[in-house]
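Source file: my_file.cif (mmCIF, N, CA and C atoms)
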```cif
data_query
loop_
_atom_site.label_atom_id
_atom_site.label_comp_id
_atom_site.auth_asym_id
_atom_site.auth_seq_id
_atom_site.Cartn_x
_atom_site.Cartn_y
_atom_site.Cartn_z
N MET A 1 17.27 -23.03 -5.61
CA MET A 1 17.40 -21.67 -5.14
C MET A 1 17.67 -20.77 -6.34
N GLN A 2 17.07 -19.58 -6.29
CA GLN A 2 17.28 -18.59 -7.34
C GLN A 2 17.56 -17.25 -6.67
N ILE A 3 18.68 -16.65 -7.00
CA ILE A 3 19.02 -15.32 -6.49
C ILE A 3 18.82 -14.34 -7.63
N THR A 4 18.02 -13.31 -7.38
CA THR A 4 17.82 -12.26 -8.37
C THR A 4 18.52 -11.02 -7.85
N ARG A 5 19.54 -10.59 -8.56
CA ARG A 5 20.29 -9.42 -8.14
C ARG A 5 19.46 -8.17 -8.38
N SER A 6 19.58 -7.23 -7.49
CA SER A 6 18.84 -5.99 -7.59
C SER A 6 19.29 -5.23 -8.83
N SER A 7 18.40 -5.13 -9.81
CA SER A 7 18.75 -4.43 -11.04
C SER A 7 17.62 -3.54 -11.53
N LEU A 8 16.49 -3.57 -10.83
CA LEU A 8 15.35 -2.75 -11.24
C LEU A 8 15.44 -1.37 -10.60
N ASP A 9 15.08 -0.37 -11.35
CA ASP A 9 15.07 0.99 -10.82
C ASP A 9 13.87 1.19 -9.90
N THR A 10 14.04 2.09 -8.94
CA THR A 10 12.91 2.55 -8.13
C THR A 10 12.00 3.35 -9.05
N ASN A 11 10.70 3.09 -8.97
CA ASN A 11 9.74 3.78 -9.83
C ASN A 11 8.84 4.69 -9.01
N PRO A 12 8.54 5.87 -9.54
CA PRO A 12 7.57 6.72 -8.85
C PRO A 12 6.17 6.10 -8.95
N GLY A 13 5.39 6.26 -7.90
CA GLY A 13 4.01 5.77 -7.91
C GLY A 13 3.17 6.59 -8.88
N PRO A 14 2.35 5.94 -9.71
CA PRO A 14 1.52 6.65 -10.68
C PRO A 14 0.52 7.60 -10.00
N ALA A 15 0.34 8.79 -10.57
CA ALA A 15 -0.58 9.79 -10.01
C ALA A 15 -2.02 9.29 -9.98
N ASP A 16 -2.38 8.34 -10.81
CA ASP A 16 -3.73 7.78 -10.77
C ASP A 16 -3.97 6.96 -9.51
N TRP A 17 -2.90 6.43 -8.94
CA TRP A 17 -3.00 5.54 -7.78
C TRP A 17 -2.68 6.21 -6.46
N PHE A 18 -1.95 7.34 -6.50
CA PHE A 18 -1.43 7.94 -5.28
C PHE A 18 -1.62 9.45 -5.26
N THR A 19 -1.71 9.99 -4.04
CA THR A 19 -1.63 11.42 -3.79
C THR A 19 -0.29 11.66 -3.15
N GLY A 20 0.48 12.64 -3.64
CA GLY A 20 1.80 12.91 -3.09
C GLY A 20 2.88 12.07 -3.74
N LYS A 21 4.08 12.17 -3.21
CA LYS A 21 5.24 11.46 -3.76
C LYS A 21 5.38 10.09 -3.12
N VAL A 22 5.36 9.07 -3.98
CA VAL A 22 5.46 7.68 -3.55
C VAL A 22 6.46 6.99 -4.47
N TYR A 23 7.27 6.09 -3.90
CA TYR A 23 8.27 5.38 -4.68
C TYR A 23 8.15 3.89 -4.42
N ILE A 24 8.26 3.10 -5.49
CA ILE A 24 8.00 1.66 -5.41
C ILE A 24 9.22 0.87 -5.89
N ASP A 25 9.61 -0.11 -5.08
CA ASP A 25 10.65 -1.07 -5.46
C ASP A 25 10.02 -2.46 -5.49
N ALA A 26 10.10 -3.12 -6.63
CA ALA A 26 9.56 -4.48 -6.75
C ALA A 26 10.38 -5.43 -5.89
N ILE A 27 9.69 -6.31 -5.18
CA ILE A 27 10.35 -7.36 -4.40
C ILE A 27 10.15 -8.70 -5.09
N ALA A 28 8.90 -9.00 -5.43
CA ALA A 28 8.59 -10.27 -6.07
C ALA A 28 7.48 -10.06 -7.09
N ALA A 29 7.69 -10.60 -8.28
CA ALA A 29 6.67 -10.59 -9.32
C ALA A 29 6.19 -12.03 -9.49
N PRO A 30 4.90 -12.21 -9.75
CA PRO A 30 4.40 -13.58 -9.85
C PRO A 30 4.99 -14.34 -11.04
N THR A 31 5.42 -15.55 -10.77
CA THR A 31 5.87 -16.47 -11.80
C THR A 31 4.95 -17.68 -11.72
N PRO A 32 4.14 -17.92 -12.77
CA PRO A 32 3.17 -19.03 -12.70
C PRO A 32 3.83 -20.32 -12.23
N PRO A 33 3.16 -21.06 -11.37
CA PRO A 33 1.74 -20.91 -11.02
C PRO A 33 1.47 -19.91 -9.90
N SER A 34 2.51 -19.31 -9.32
CA SER A 34 2.30 -18.33 -8.26
C SER A 34 1.60 -17.10 -8.81
N ARG A 35 0.77 -16.48 -7.98
CA ARG A 35 0.09 -15.24 -8.35
C ARG A 35 0.36 -14.14 -7.33
N THR A 36 1.39 -14.35 -6.49
CA THR A 36 1.68 -13.42 -5.41
C THR A 36 2.78 -12.44 -5.82
N ALA A 37 2.55 -11.16 -5.52
CA ALA A 37 3.52 -10.10 -5.79
C ALA A 37 3.79 -9.35 -4.49
N ALA A 38 4.96 -8.73 -4.42
CA ALA A 38 5.31 -7.93 -3.25
C ALA A 38 6.13 -6.73 -3.71
N ALA A 39 5.98 -5.62 -3.00
CA ALA A 39 6.72 -4.41 -3.31
C ALA A 39 7.01 -3.66 -2.02
N LEU A 40 8.14 -2.96 -2.01
CA LEU A 40 8.47 -2.05 -0.92
C LEU A 40 8.04 -0.66 -1.40
N VAL A 41 7.18 -0.02 -0.62
CA VAL A 41 6.60 1.25 -1.03
C VAL A 41 6.98 2.32 -0.01
N HIS A 42 7.60 3.41 -0.50
CA HIS A 42 8.01 4.53 0.34
C HIS A 42 7.07 5.70 0.10
N PHE A 43 6.49 6.22 1.17
CA PHE A 43 5.57 7.36 1.11
C PHE A 43 6.23 8.57 1.76
N THR A 44 6.22 9.72 1.11
CA THR A 44 6.67 10.95 1.73
C THR A 44 5.56 11.46 2.64
N PRO A 45 5.86 12.37 3.56
CA PRO A 45 4.81 12.86 4.47
C PRO A 45 3.56 13.31 3.70
N GLY A 46 2.41 12.81 4.16
CA GLY A 46 1.13 13.16 3.57
C GLY A 46 0.74 12.35 2.34
N ALA A 47 1.67 11.59 1.78
CA ALA A 47 1.37 10.79 0.59
C ALA A 47 0.53 9.57 0.97
N ARG A 48 -0.32 9.14 0.05
CA ARG A 48 -1.21 8.02 0.33
C ARG A 48 -1.73 7.41 -0.96
N THR A 49 -2.26 6.20 -0.82
CA THR A 49 -2.90 5.55 -1.96
C THR A 49 -4.26 6.18 -2.21
N ALA A 50 -4.83 5.89 -3.37
CA ALA A 50 -6.24 6.15 -3.61
C ALA A 50 -7.02 5.01 -2.93
N TRP A 51 -8.32 5.16 -2.82
CA TRP A 51 -9.16 4.06 -2.35
C TRP A 51 -8.96 2.89 -3.32
N HIS A 52 -8.91 1.67 -2.80
CA HIS A 52 -8.74 0.52 -3.68
C HIS A 52 -9.15 -0.76 -2.96
N THR A 53 -9.32 -1.81 -3.75
CA THR A 53 -9.65 -3.14 -3.22
C THR A 53 -8.71 -4.16 -3.86
N HIS A 54 -8.61 -5.31 -3.22
CA HIS A 54 -7.82 -6.43 -3.74
C HIS A 54 -8.73 -7.65 -3.77
N PRO A 55 -8.80 -8.36 -4.90
CA PRO A 55 -9.74 -9.48 -5.01
C PRO A 55 -9.45 -10.61 -4.01
N LEU A 56 -8.18 -10.78 -3.62
CA LEU A 56 -7.83 -11.84 -2.68
C LEU A 56 -7.20 -11.29 -1.41
N GLY A 57 -7.38 -10.00 -1.16
CA GLY A 57 -6.86 -9.36 0.04
C GLY A 57 -5.45 -8.84 -0.15
N GLN A 58 -4.96 -8.13 0.86
CA GLN A 58 -3.62 -7.56 0.84
C GLN A 58 -3.08 -7.50 2.27
N THR A 59 -1.80 -7.79 2.41
CA THR A 59 -1.11 -7.59 3.68
C THR A 59 -0.06 -6.50 3.46
N ILE A 60 -0.02 -5.55 4.39
CA ILE A 60 1.08 -4.59 4.41
C ILE A 60 1.83 -4.77 5.72
N PHE A 61 3.16 -4.63 5.66
CA PHE A 61 4.03 -4.74 6.82
C PHE A 61 4.85 -3.46 6.88
N VAL A 62 4.64 -2.67 7.92
CA VAL A 62 5.31 -1.37 8.04
C VAL A 62 6.75 -1.61 8.47
N THR A 63 7.70 -1.04 7.70
CA THR A 63 9.12 -1.22 7.99
C THR A 63 9.76 -0.01 8.64
N GLU A 64 9.22 1.19 8.38
CA GLU A 64 9.78 2.39 9.00
C GLU A 64 8.77 3.53 8.95
N GLY A 65 8.97 4.50 9.84
CA GLY A 65 8.13 5.68 9.85
C GLY A 65 6.80 5.49 10.56
N VAL A 66 5.88 6.41 10.27
CA VAL A 66 4.54 6.37 10.85
C VAL A 66 3.55 6.57 9.73
N GLY A 67 2.53 5.74 9.69
CA GLY A 67 1.54 5.83 8.63
C GLY A 67 0.13 5.85 9.15
N ARG A 68 -0.78 5.85 8.20
CA ARG A 68 -2.21 5.81 8.48
C ARG A 68 -2.86 4.86 7.49
N CYS A 69 -3.96 4.26 7.92
CA CYS A 69 -4.76 3.44 7.02
C CYS A 69 -6.22 3.54 7.45
N GLN A 70 -7.11 3.19 6.52
CA GLN A 70 -8.53 3.25 6.82
C GLN A 70 -9.28 2.32 5.88
N CYS A 71 -10.26 1.63 6.42
CA CYS A 71 -11.22 0.89 5.62
C CYS A 71 -12.47 1.73 5.51
N GLU A 72 -13.14 1.65 4.38
CA GLU A 72 -14.33 2.47 4.16
C GLU A 72 -15.33 2.28 5.29
N GLY A 73 -15.76 3.40 5.87
CA GLY A 73 -16.73 3.37 6.96
C GLY A 73 -16.10 3.22 8.34
N GLY A 74 -14.80 2.98 8.40
CA GLY A 74 -14.12 2.80 9.68
C GLY A 74 -13.27 4.00 10.05
N PRO A 75 -12.66 3.96 11.23
CA PRO A 75 -11.81 5.07 11.66
C PRO A 75 -10.45 5.03 10.97
N VAL A 76 -9.78 6.17 10.94
CA VAL A 76 -8.38 6.23 10.49
C VAL A 76 -7.53 5.64 11.61
N GLU A 77 -6.62 4.73 11.24
CA GLU A 77 -5.76 4.07 12.22
C GLU A 77 -4.30 4.47 11.98
N VAL A 78 -3.54 4.62 13.06
CA VAL A 78 -2.11 4.90 12.96
C VAL A 78 -1.38 3.56 12.90
N ILE A 79 -0.38 3.47 12.00
CA ILE A 79 0.43 2.25 11.88
C ILE A 79 1.90 2.61 12.01
N ARG A 80 2.66 1.69 12.66
CA ARG A 80 4.07 1.93 12.96
C ARG A 80 4.92 0.72 12.60
N PRO A 81 6.25 0.87 12.61
CA PRO A 81 7.12 -0.26 12.26
C PRO A 81 6.78 -1.53 13.04
N GLY A 82 6.73 -2.63 12.28
CA GLY A 82 6.38 -3.93 12.86
C GLY A 82 4.90 -4.25 12.78
N ASP A 83 4.06 -3.24 12.53
CA ASP A 83 2.62 -3.49 12.41
C ASP A 83 2.33 -4.19 11.09
N ARG A 84 1.43 -5.18 11.15
CA ARG A 84 0.93 -5.88 9.97
C ARG A 84 -0.54 -5.57 9.85
N VAL A 85 -0.96 -5.21 8.65
CA VAL A 85 -2.37 -4.92 8.40
C VAL A 85 -2.83 -5.85 7.28
N PHE A 86 -3.92 -6.57 7.52
CA PHE A 86 -4.52 -7.39 6.47
C PHE A 86 -5.84 -6.75 6.07
N PHE A 87 -5.96 -6.46 4.79
CA PHE A 87 -7.21 -5.96 4.23
C PHE A 87 -7.92 -7.14 3.58
N GLU A 88 -9.15 -7.38 3.98
CA GLU A 88 -9.93 -8.51 3.48
C GLU A 88 -10.17 -8.39 1.97
N PRO A 89 -10.41 -9.50 1.30
CA PRO A 89 -10.76 -9.44 -0.12
C PRO A 89 -11.96 -8.53 -0.35
N GLY A 90 -11.81 -7.62 -1.30
CA GLY A 90 -12.89 -6.70 -1.65
C GLY A 90 -13.09 -5.53 -0.69
N GLU A 91 -12.30 -5.44 0.37
CA GLU A 91 -12.45 -4.37 1.36
C GLU A 91 -11.86 -3.07 0.81
N ASN A 92 -12.70 -2.04 0.68
CA ASN A 92 -12.25 -0.75 0.15
C ASN A 92 -11.41 -0.05 1.22
N HIS A 93 -10.20 0.36 0.87
CA HIS A 93 -9.28 0.91 1.87
C HIS A 93 -8.25 1.81 1.22
N TRP A 94 -7.47 2.50 2.07
CA TRP A 94 -6.30 3.27 1.65
C TRP A 94 -5.25 3.16 2.74
N HIS A 95 -3.99 3.51 2.40
CA HIS A 95 -2.91 3.55 3.37
C HIS A 95 -1.84 4.51 2.87
N GLY A 96 -1.11 5.09 3.81
CA GLY A 96 -0.07 6.04 3.43
C GLY A 96 0.66 6.57 4.65
N ALA A 97 1.44 7.63 4.43
CA ALA A 97 2.24 8.23 5.49
C ALA A 97 1.40 9.18 6.34
N ALA A 98 1.85 9.39 7.57
CA ALA A 98 1.25 10.42 8.42
C ALA A 98 1.59 11.78 7.82
N PRO A 99 0.85 12.83 8.21
CA PRO A 99 1.08 14.15 7.61
C PRO A 99 2.51 14.69 7.77
N ASN A 100 3.18 14.31 8.85
CA ASN A 100 4.50 14.88 9.12
C ASN A 100 5.61 13.83 9.22
N ARG A 101 5.37 12.64 8.68
CA ARG A 101 6.34 11.55 8.78
C ARG A 101 6.43 10.78 7.47
N PHE A 102 7.62 10.27 7.17
CA PHE A 102 7.76 9.30 6.09
C PHE A 102 7.22 7.97 6.57
N MET A 103 6.88 7.08 5.65
CA MET A 103 6.46 5.72 6.02
C MET A 103 6.81 4.79 4.86
N ALA A 104 7.29 3.61 5.20
CA ALA A 104 7.56 2.59 4.19
C ALA A 104 6.90 1.30 4.65
N HIS A 105 6.36 0.56 3.68
CA HIS A 105 5.81 -0.75 3.99
C HIS A 105 6.05 -1.71 2.85
N VAL A 106 6.04 -2.99 3.18
CA VAL A 106 6.03 -4.05 2.18
C VAL A 106 4.57 -4.38 1.93
N ALA A 107 4.17 -4.37 0.65
CA ALA A 107 2.79 -4.72 0.27
C ALA A 107 2.82 -6.07 -0.43
N ILE A 108 1.95 -6.97 0.01
CA ILE A 108 1.88 -8.32 -0.55
C ILE A 108 0.44 -8.60 -0.95
N GLN A 109 0.23 -8.98 -2.19
CA GLN A 109 -1.11 -9.29 -2.67
C GLN A 109 -1.04 -10.35 -3.76
N GLU A 110 -2.17 -11.00 -3.95
CA GLU A 110 -2.27 -12.08 -4.94
C GLU A 110 -3.25 -11.68 -6.02
N ALA A 111 -2.91 -11.97 -7.26
CA ALA A 111 -3.80 -11.68 -8.38
C ALA A 111 -4.91 -12.74 -8.46
N ASP A 112 -6.05 -12.32 -8.99
CA ASP A 112 -7.14 -13.27 -9.20
C ASP A 112 -6.90 -14.07 -10.49
N GLU A 113 -7.88 -14.88 -10.88
CA GLU A 113 -7.74 -15.75 -12.05
C GLU A 113 -7.49 -14.96 -13.34
N SER A 114 -7.96 -13.71 -13.39
CA SER A 114 -7.78 -12.89 -14.59
C SER A 114 -6.42 -12.18 -14.59
N GLY A 115 -5.67 -12.29 -13.49
CA GLY A 115 -4.37 -11.63 -13.39
C GLY A 115 -4.40 -10.29 -12.70
N SER A 116 -5.57 -9.87 -12.20
CA SER A 116 -5.70 -8.56 -11.56
C SER A 116 -5.46 -8.66 -10.05
N PRO A 117 -4.49 -7.87 -9.51
CA PRO A 117 -4.26 -7.86 -8.07
C PRO A 117 -4.99 -6.73 -7.35
N VAL A 118 -5.51 -5.74 -8.10
CA VAL A 118 -6.07 -4.54 -7.46
C VAL A 118 -7.06 -3.86 -8.39
N THR A 119 -8.06 -3.21 -7.77
CA THR A 119 -8.97 -2.32 -8.49
C THR A 119 -8.88 -0.96 -7.81
N TRP A 120 -8.48 0.05 -8.59
CA TRP A 120 -8.29 1.39 -8.04
C TRP A 120 -9.56 2.20 -8.11
N GLY A 121 -9.77 3.04 -7.08
CA GLY A 121 -10.93 3.92 -7.02
C GLY A 121 -10.49 5.37 -7.00
N GLU A 122 -11.32 6.20 -6.35
CA GLU A 122 -11.07 7.64 -6.29
C GLU A 122 -9.97 7.96 -5.28
N HIS A 123 -9.37 9.13 -5.46
CA HIS A 123 -8.38 9.60 -4.50
C HIS A 123 -9.06 9.88 -3.16
N VAL A 124 -8.31 9.71 -2.08
CA VAL A 124 -8.80 9.98 -0.74
C VAL A 124 -8.87 11.50 -0.56
N ALA A 125 -10.03 11.98 -0.17
CA ALA A 125 -10.22 13.42 0.05
C ALA A 125 -9.36 13.88 1.23
N ASP A 126 -8.87 15.12 1.15
CA ASP A 126 -8.06 15.67 2.23
C ASP A 126 -8.79 15.62 3.57
N GLU A 127 -10.11 15.85 3.56
CA GLU A 127 -10.88 15.81 4.82
C GLU A 127 -10.87 14.41 5.42
N ASP A 128 -10.99 13.38 4.58
CA ASP A 128 -10.97 12.00 5.06
C ASP A 128 -9.58 11.64 5.60
N TYR A 129 -8.54 12.02 4.85
CA TYR A 129 -7.17 11.74 5.27
C TYR A 129 -6.85 12.45 6.59
N GLY A 130 -7.33 13.68 6.71
CA GLY A 130 -7.02 14.50 7.89
C GLY A 130 -7.85 14.22 9.11
N ALA A 131 -8.78 13.27 9.03
CA ALA A 131 -9.62 12.95 10.20
C ALA A 131 -8.73 12.48 11.35
N ALA A 132 -9.13 12.80 12.56
CA ALA A 132 -8.34 12.40 13.74
C ALA A 132 -8.26 10.89 13.82
N PRO A 133 -7.05 10.35 13.93
CA PRO A 133 -6.88 8.91 14.02
C PRO A 133 -7.49 8.33 15.30
N ALA A 134 -7.92 7.07 15.18
CA ALA A 134 -8.49 6.37 16.33
C ALA A 134 -7.40 5.94 17.31
N SER A 135 -6.19 5.70 16.77
CA SER A 135 -5.11 5.21 17.65
C SER A 135 -3.86 6.02 17.48
#
```

The structure in this file should be written as structure tokens.
Amino acid sequence: MQITRSSLDTNPGPADWFTGKVYIDAIAAPTPPSRTAAALVHFTPGARTAWHTHPLGQTIFVTEGVGRCQCEGGPVEVIRPGDRVFFEPGENHWHGAAPNRFMAHVAIQEADESGSPVTWGEHVADEDYGAAPAS
């Protein structure tokens, strides 16, 4: 058993990866041979990721608030506490808070053989983010 005491600062999400104010707390960093990482991500109202893909997929688990997510070509979906979303490997997607609500989720993803867990794309356009949710 290994206990790691909380000693890392909360970091703001990089502007290249996010629109709006986002804060990230590391949960788990990969230690070889593991390639799995996890983070708790807090989104302020309207904040969201840019479009991105994960070579081995990603699971997010909503812990509080109300959020939105979308896969390229699909409808915008509403997500709430307790919801789990799995994005398939290579599936272009985004996720973030609803326009008027905070949202936090745990993000879990695995790096590929080269060590890359994600490929970032363009920011989500306001029109795409603002589309009426399917649920």

What does the PyMOL selection byres ((chain A and resi 96) around 5) select in this file, as a VMD selection string?
-> chain A and resid 47 to 49 67 to 68 94 to 95 97 to 98

Using DSSP on the backbone, list every residue of stretch 40-115 of chain A that comes out as strand (DSSP E), and give them as an NGL selection string.
-> :A and (40-43 or 48-49 or 52-53 or 58-65 or 67-71 or 77-79 or 84-87 or 93-97 or 103-110)

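In this structure, atom CA of A:Glu64 sits 8.0 Å away from atom N of A:Arg80.
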
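The two atoms in question, atom CA of A:Leu40 and atom CA of A:Phe86, are spaced 15.9 Å apart.
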
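Proximity to A:Val85 was assessed for A:Ile60, A:Cys69, A:Ala15, A:Val41 counting only N, CA and C atoms; the smallest distance is recorded for A:Ile60.
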
For the file shown, report as an NGL selection string the outcome of the PyMOL selection byres ((chain A and resi 54) around 6) at residue level.
-> :A and (52-53 or 55-58 or 88-91 or 117-119)

Could you save the residues just selected, with N, CA and C atoms, as a JSON list (two decimals), keeping the file's coordinate frame?
```json
[["chain", "number", "residue", "atom", "x", "y", "z"],
["A", 52, "HIS", "N", -8.91, 1.67, -2.80],
["A", 52, "HIS", "CA", -8.74, 0.52, -3.68],
["A", 52, "HIS", "C", -9.15, -0.76, -2.96],
["A", 53, "THR", "N", -9.32, -1.81, -3.75],
["A", 53, "THR", "CA", -9.65, -3.14, -3.22],
["A", 53, "THR", "C", -8.71, -4.16, -3.86],
["A", 55, "PRO", "N", -8.80, -8.36, -4.90],
["A", 55, "PRO", "CA", -9.74, -9.48, -5.01],
["A", 55, "PRO", "C", -9.45, -10.61, -4.01],
["A", 56, "LEU", "N", -8.18, -10.78, -3.62],
["A", 56, "LEU", "CA", -7.83, -11.84, -2.68],
["A", 56, "LEU", "C", -7.20, -11.29, -1.41],
["A", 57, "GLY", "N", -7.38, -10.00, -1.16],
["A", 57, "GLY", "CA", -6.86, -9.36, 0.04],
["A", 57, "GLY", "C", -5.45, -8.84, -0.15],
["A", 58, "GLN", "N", -4.96, -8.13, 0.86],
["A", 58, "GLN", "CA", -3.62, -7.56, 0.84],
["A", 58, "GLN", "C", -3.08, -7.50, 2.27],
["A", 88, "GLU", "N", -9.15, -7.38, 3.98],
["A", 88, "GLU", "CA", -9.93, -8.51, 3.48],
["A", 88, "GLU", "C", -10.17, -8.39, 1.97],
["A", 89, "PRO", "N", -10.41, -9.50, 1.30],
["A", 89, "PRO", "CA", -10.76, -9.44, -0.12],
["A", 89, "PRO", "C", -11.96, -8.53, -0.35],
["A", 90, "GLY", "N", -11.81, -7.62, -1.30],
["A", 90, "GLY", "CA", -12.89, -6.70, -1.65],
["A", 90, "GLY", "C", -13.09, -5.53, -0.69],
["A", 91, "GLU", "N", -12.30, -5.44, 0.37],
["A", 91, "GLU", "CA", -12.45, -4.37, 1.36],
["A", 91, "GLU", "C", -11.86, -3.07, 0.81],
["A", 117, "PRO", "N", -4.49, -7.87, -9.51],
["A", 117, "PRO", "CA", -4.26, -7.86, -8.07],
["A", 117, "PRO", "C", -4.99, -6.73, -7.35],
["A", 118, "VAL", "N", -5.51, -5.74, -8.10],
["A", 118, "VAL", "CA", -6.07, -4.54, -7.46],
["A", 118, "VAL", "C", -7.06, -3.86, -8.39],
["A", 119, "THR", "N", -8.06, -3.21, -7.77],
["A", 119, "THR", "CA", -8.97, -2.32, -8.49],
["A", 119, "THR", "C", -8.88, -0.96, -7.81]]
```

Excluding stretch 27-30 of chain A and any residue of its chain fewer than 5 positions from it, enumerate the residues within 9 Å of it, using only C-alpha atoms, and give them as a VMD selection string.
-> chain A and resid 35 to 40 106 108 110 to 111

List the neighbours of stretch 18-20 of chain A out to 8 Å using only N, CA and C atoms; skip same-chain residues closer than 2 positions along the sequence, and give me the result as a ChimeraX atom specification.
-> /A:13-16,22-23,43-51,123-124

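Closest approach to A:Pro33 among A:Gly121, A:Gly115, A:Pro12, A:Pro133 is made by A:Gly115 (distances from only C-alpha atoms).
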
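Of the residues in chain A, those given helix (DSSP H, G or I) by DSSP on the backbone are Asp126, Glu127, Asp128 and Tyr129 of chain A.
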
Rank A:Thr59, A:Gln109, A:Asn100, A:Gln70 by their smallest atom-to-atom distance to A:Asp83, using only C-alpha atoms, and report the top residue only.
-> A:Thr59

Work out how far apart atom N of A:Gly130 and atom CA of A:Ala26 are and give it in Å to one decimal.
-> 28.2 Å

Edge lengths and centre, in Å to one decimal, as lines of an AutoDock Vina configuration file: that's what I need for the box along x, y and z that holds all listed atoms of stretch 95-101 of chain A plus 6 Å on each side.
```
center_x = 1.2
center_y = 9.2
center_z = 5.8
size_x = 22.4
size_y = 23.4
size_z = 18.8
```

Selected residue, from A:Val78, A:Val66, A:Ala104, A:Leu8, that lies nearest to A:Ala131 when counting only C-alpha atoms = A:Val78

Any chance you could build stretch 8-20 of chain A out to N, CA, C and O atoms and write it as a short mmCIF file (atom, residue, chain, number, x, y, z; two decimals), in the frame of the given file?
```cif
data_model
loop_
_atom_site.label_atom_id
_atom_site.label_comp_id
_atom_site.auth_asym_id
_atom_site.auth_seq_id
_atom_site.Cartn_x
_atom_site.Cartn_y
_atom_site.Cartn_z
N LEU A 8 16.49 -3.57 -10.83
CA LEU A 8 15.35 -2.75 -11.24
C LEU A 8 15.44 -1.37 -10.60
O LEU A 8 15.82 -1.24 -9.44
N ASP A 9 15.08 -0.37 -11.35
CA ASP A 9 15.07 0.99 -10.82
C ASP A 9 13.87 1.19 -9.90
O ASP A 9 12.83 0.55 -10.06
N THR A 10 14.04 2.09 -8.94
CA THR A 10 12.91 2.55 -8.13
C THR A 10 12.00 3.35 -9.05
O THR A 10 12.47 4.17 -9.83
N ASN A 11 10.70 3.09 -8.97
CA ASN A 11 9.74 3.78 -9.83
C ASN A 11 8.84 4.69 -9.01
O ASN A 11 8.40 4.30 -7.92
N PRO A 12 8.54 5.87 -9.54
CA PRO A 12 7.57 6.72 -8.85
C PRO A 12 6.17 6.10 -8.95
O PRO A 12 5.84 5.46 -9.96
N GLY A 13 5.39 6.26 -7.90
CA GLY A 13 4.01 5.77 -7.91
C GLY A 13 3.17 6.59 -8.88
O GLY A 13 3.26 7.82 -8.88
N PRO A 14 2.35 5.94 -9.71
CA PRO A 14 1.52 6.65 -10.68
C PRO A 14 0.52 7.60 -10.00
O PRO A 14 -0.07 7.26 -8.97
N ALA A 15 0.34 8.79 -10.57
CA ALA A 15 -0.58 9.79 -10.01
C ALA A 15 -2.02 9.29 -9.98
O ALA A 15 -2.80 9.77 -9.16
N ASP A 16 -2.38 8.34 -10.81
CA ASP A 16 -3.73 7.78 -10.77
C ASP A 16 -3.97 6.96 -9.51
O ASP A 16 -5.10 6.78 -9.09
N TRP A 17 -2.90 6.43 -8.94
CA TRP A 17 -3.00 5.54 -7.78
C TRP A 17 -2.68 6.21 -6.46
O TRP A 17 -3.05 5.69 -5.40
N PHE A 18 -1.95 7.34 -6.50
CA PHE A 18 -1.43 7.94 -5.28
C PHE A 18 -1.62 9.45 -5.26
O PHE A 18 -1.63 10.10 -6.29
N THR A 19 -1.71 9.99 -4.04
CA THR A 19 -1.63 11.42 -3.79
C THR A 19 -0.29 11.66 -3.15
O THR A 19 0.08 10.96 -2.20
N GLY A 20 0.48 12.64 -3.64
CA GLY A 20 1.80 12.91 -3.09
C GLY A 20 2.88 12.07 -3.74
O GLY A 20 2.63 11.33 -4.70
#
```
